[in-house]
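Everything on this sheet refers to the single structure shown next.
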Number of protein chains: 2
Amino acid sequence: MSDGLSPQKTRGMTETIRISLDVMGGDNGATTVLEGADIALVRYPDIRYVLYGDKDTVLPMLENFPRVKQASTFHHTDVTIEMDERPSQALRRGRGKSSMWQAIEATKTEEADVCVSAGNTGALMAMSKFCLRTMANIERPAIAAMWPTMRGESIVLDVGATIGADAQQLIDFAMMGGAMARALLDIERPTVGLLNIGEEDVKGLDEVKEAGRLMREFELPKLDYQGFVEGDDLGRGTVDVVVTEGFAGNIALKTAEGTAKQLAEYLRSAMSRTLMAKIGYMFARSAFQRLKEKMDPRKVNGGVFLGLNGLVIKSHGGTDGEGFAAAIVLGHNMVKNGLTDKLEQDLSVYHKNRMPTDEENAS
Amino acid sequence: MSDGLSPQKTRGMTETIRISLDVMGGDNGATTVLEGADIALVRYPDIRYVLYGDKDTVLPMLENFPRVKQASTFHHTDVTIEMDERPSQALRRGRGKSSMWQAIEATKTEEADVCVSAGNTGALMAMSKFCLRTMANIERPAIAAMWPTMRGESIVLDVGATIGADAQQLIDFAMMGGAMARALLDIERPTVGLLNIGEEDVKGLDEVKEAGRLMREFELPKLDYQGFVEGDDLGRGTVDVVVTEGFAGNIALKTAEGTAKQLAEYLRSAMSRTLMAKIGYMFARSAFQRLKEKMDPRKVNGGVFLGLNGLVIKSHGGTDGEGFAAAIVLGHNMVKNGLTDKLEQDLSVYHKNRMPTDEENAS
């Protein structure tokens with residue numbers, strides 16, 4: 001390889017991908033998790049599960065999913081984190097002994113390659129940070145989302161791990177998002193944009209402007225920095241990776257979800273209002289079906305925690321089996337494509353050579 | 001009236017609404033502005049225009065719009081602000097003598113009740129602030145947008161006037177949005193939410209949390225504070241007024257616009273893919289037409305600058321006559337319903353009685 005790095009580790013075709021599941025997490029209970037595990041397993045028979053949950057709940061249910069049972073090892077846990085528990089309380093009560101904690105910890109002890117949970121987001125992030133710690137050179141983790149666009153899919157981060165980010169953290173997010181794009185979207189040199197208000201260099205948040213300046217001056221390895229993007233560039237798919245701090249990112253994500261629901265409701269209501277519309281709907285049924293699949297939020301379920309010493313994926317709490325399966329498949333593909341190795345390599349190359357930020361220059 | 005205030009000024013049915021137009025503003029030239037003026041005038045014959053623009057451009061065009069010509073006074077201006085000009089440069093070059101400046105100034109000299117421009121947003125805001133100054137008790141203006149929701153319409157502010165806002169400014173935005181809801185949506189006591197990430201009181205930006213605490217403790221006149229809302233509450237129409245600082249608000253607005261375009265494109269593509277879909281489309285044509293009208297972004301065109309000593313409305317730069325007419329109609333309705341008086345009354349009552357913020361207590 002021309003960059004002098006050792007060739008990337010890629011897993012052999014026969015190797016299994018080990019996924020730890022917090023079976024107790026989510027609004028819809030353990031059945032949804034096991035249903036999802038079953039669906040994902042049919043698609044990817046190379047998956048092996050490590051299950052964490054209450055034995056009295058999980059073991060009887062597992063009898064209904066013989067394929068999952070066959071492909072799993074089970075560990076009993078005493079504590080279940082509630083969906084509305086505060087992160088600090090969850091950490092106190094669930095550290096060490098909850099299904100959530102142990103599913104996370106399995107990625108640290110290398111019993112699992114990736115952890116998937118539909119539990120309480122705040123608790124999952126707090127426990128993941130506490131248990132796994134951030135990677136060398138990374139100050140803060142980010143949550144990355146796959147965003148369906150007119151062109152295909154983009155990666156958007158941070159969508160809610162932390163509020164605010166300085167220039168250096170935004171650049172780290174760009175690196176992490178870039179590694180994820182190379183692993184999942186199979187793009188050699190992903191395009192990256194910084195989310196801002198207005199495209200001119202004069203506008204927007206100071207941190208965003210400084211990150212932009214640094215990314216222009218210091219070419220990032222394997223990233224093609226394209227400048228600022230705006231909210232409407234997200235759906236357009238202008239760049240492969242959109243970088244933002246977590247407050248605006250979370251609001252953008254939820255606004256898009258809400259708008260999609262709103263328009264689906266408009267469409268449903270328009271198509272059921274008159275007899276002619278209903279007849280039209282009958283004819284165009286398969287087209288509507290395609291559209292429905294395309295807009296299905298379950299398909300892009302899964303927020304990826306990046307920047308920790310272990311891979312954790314947050315599934316929507318309220319999803320069904322199909323949605324949970326999508327989160328598992330996302331985890332499977334990330335491990336299969338060596339995301340963590342790609343990320344570590346990129347970060348170490350970058351941080352060896354990077355230029356100081358204004359703040360660092362000042363101190 | 002029980003609150004001891006003088007009765008609100010309401011305009012008589014025979015009185016005219018005077019609207020100043022920056023005829024040179026926008027991507028599509030003066031024709032679009034005059035087309036919009038004509039459409040709005042047909043709907044509301046009580047409108048009178050004060051037009052500002054280059055005489056060589058505007059006067060010949062005006063011959064094609066005899067109704068508008070009849071209802072207007074025209075003022076020649078030498079300078080036209082470019083769409084990509086920096087605000088500071090626009091202010092230097094166009095202060096006093098541009099069509100944009102003079103259209104704004106007309107609301108100060110009381111030649112007009114409201115100003116509408118499709119010109120450069122940054123320049124329009126900079127000139128408006130410089131020319132009109134903020135209202136007593138208001139530190140910063142906001143841009144408010146009408147947001148179509150599943151329930152009807154909400155008001156969202158700030159969608160991009162300034163980045164960041166402290167607790168007191170967020171409360172001012174709530175008051176201004178509330179007055180706008182009472183004037184335009186005809187709601188006696190509008191519900192208000194603060195845009196945040198997560199509904200629990202522990203999450204989110206400090207300024208937002210403090211604003212929430214103050215709004216709970218000190219009941220705002222004529223506002224029903226409902227707590228935090230999230231991005232997906234925007235499309236749902238959970239509250240009548242959504243308050244946020246301008247960075248997140250602008251990103252939310254543009255993300256929703258982008259998502260709507262994306263889904264319209266999905267729908268168009270699904271309906272033209274197969275013969276059956278095309279036949280279905282023929283049958284359901286009028287339903288699709290309704291849907292198209294419902295999703296038409298031109299209908300909700302117009303960002304309202306609130307908090308200045310004069311009403312200014314920013315139309316989308318790239319809109320057509322129909323869209324520009326919507327911005328004019330918005331201005332017409334705000335004046336007709338006495339927005340400015342409502343706003344001044346609310347603010348003066350509130351600031352007479354309000355509690356100090358943490359920051360003010362500290363100093």
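Naming works like this for the structure tokens: A, B, ... for the chains as they're shown, residue 1 at the start of each chain, ligands 1 onward in shown order.
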
Next item on the list: Could you give me, as a VMD selection string, the residues within 6 Å of A:Phe228, counting only C-alpha atoms and dropping anything in the same chain fewer than 3 positions from it?
Entry: chain A and resid 193 to 196 199

Saved selection, atoms kept: all heavy atoms, as a PDB file, in the first residue's frame:
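Final file, part.pdb:
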ATOM      1  N   GLY A 193     -19.030  17.588   4.246  1.00  0.00           N
ATOM      2  CA  GLY A 193     -19.451  18.975   4.403  1.00  0.00           C
ATOM      3  C   GLY A 193     -19.731  19.299   5.860  1.00  0.00           C
ATOM      4  O   GLY A 193     -20.067  18.406   6.646  1.00  0.00           O
ATOM      5  N   LEU A 194     -19.559  20.560   6.214  1.00  0.00           N
ATOM      6  CA  LEU A 194     -19.884  21.022   7.571  1.00  0.00           C
ATOM      7  C   LEU A 194     -21.258  21.684   7.533  1.00  0.00           C
ATOM      8  O   LEU A 194     -21.483  22.605   6.742  1.00  0.00           O
ATOM      9  CB  LEU A 194     -18.854  22.042   8.039  1.00  0.00           C
ATOM     10  CG  LEU A 194     -17.469  21.507   8.419  1.00  0.00           C
ATOM     11  CD1 LEU A 194     -16.470  22.665   8.511  1.00  0.00           C
ATOM     12  CD2 LEU A 194     -17.524  20.747   9.742  1.00  0.00           C
ATOM     13  N   LEU A 195     -22.161  21.229   8.402  1.00  0.00           N
ATOM     14  CA  LEU A 195     -23.511  21.793   8.436  1.00  0.00           C
ATOM     15  C   LEU A 195     -23.459  23.205   9.014  1.00  0.00           C
ATOM     16  O   LEU A 195     -22.908  23.425  10.084  1.00  0.00           O
ATOM     17  CB  LEU A 195     -24.428  20.906   9.280  1.00  0.00           C
ATOM     18  CG  LEU A 195     -25.935  21.199   9.211  1.00  0.00           C
ATOM     19  CD1 LEU A 195     -26.469  21.036   7.803  1.00  0.00           C
ATOM     20  CD2 LEU A 195     -26.709  20.299  10.165  1.00  0.00           C
ATOM     21  N   ASN A 196     -24.022  24.149   8.283  1.00  0.00           N
ATOM     22  CA  ASN A 196     -23.950  25.541   8.703  1.00  0.00           C
ATOM     23  C   ASN A 196     -25.177  26.274   8.171  1.00  0.00           C
ATOM     24  O   ASN A 196     -26.020  25.677   7.497  1.00  0.00           O
ATOM     25  CB  ASN A 196     -22.650  26.164   8.151  1.00  0.00           C
ATOM     26  CG  ASN A 196     -22.209  27.387   8.930  1.00  0.00           C
ATOM     27  OD1 ASN A 196     -22.926  27.905   9.790  1.00  0.00           O
ATOM     28  ND2 ASN A 196     -21.018  27.871   8.628  1.00  0.00           N
ATOM     29  N   GLU A 199     -23.871  29.333   2.895  1.00  0.00           N
ATOM     30  CA  GLU A 199     -22.696  28.673   2.338  1.00  0.00           C
ATOM     31  C   GLU A 199     -21.454  29.552   2.322  1.00  0.00           C
ATOM     32  O   GLU A 199     -20.348  29.075   2.196  1.00  0.00           O
ATOM     33  CB  GLU A 199     -22.987  28.197   0.912  1.00  0.00           C
ATOM     34  CG  GLU A 199     -23.760  26.886   0.930  1.00  0.00           C
ATOM     35  CD  GLU A 199     -24.340  26.559  -0.422  1.00  0.00           C
ATOM     36  OE1 GLU A 199     -23.721  26.921  -1.433  1.00  0.00           O
ATOM     37  OE2 GLU A 199     -25.417  25.946  -0.444  1.00  0.00           O
TER      38      GLU A 199
END

Next item on the list: Go through stretch 113-322 of chain A and collect every residue that DSSP, computed from the backbone, puts in alpha helix (DSSP H); the answer should be as a ChimeraX atom specification.
Entry: /A:121-132,167-184,206-217,231-236,246-271,275-283,285-295,321-322

Margin query: as a ChimeraX atom specification, could you give me every residue of chain A near chain B (at most 7 Å apart, counting only C-alpha atoms)?
Written below: /A:150,197,230-236,247-248,250-252,254-260,262,266-267,270-271,276-277,279-284,287,291

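Across the structure, atom CA of B:Gly227 and atom CA of B:Val192 are spaced 7.6 Å apart.
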
Checklist line | Minimum-distance residue to B:Met146, chosen among B:Glu207, B:Asp240, B:Glu188, B:Glu63 (using only C-alpha atoms) | finding: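 Selected residue with least distance to B:Met146: B:Asp240.
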
Next item on the list: Per DSSP on the backbone, filter stretch 30-175 of chain A down to the residues in strand (DSSP E) and report them as a list in words.
Entry: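 Strand (DSSP E) members of stretch 30-175 of chain A, listed: Ile47, Arg48, Tyr49, Val50, Leu51, Tyr52, Gly53, Ser72, Thr73, Phe74, His75, His76, Val114, Cys115, Val116, Ser117, Ala142, Ile143, Ala144, Ala145, Met146, Trp147, Pro148, Glu153, Ser154, Ile155, Val156 and Leu157 of chain A.
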
Notebook entry, point to check: So which residues touch A:Met127 within 7 Å, counting only C-alpha atoms, skipping near sequence neighbours fewer than 4 positions away, as a ChimeraX atom specification?
Noted result: /A:91,101,123,131
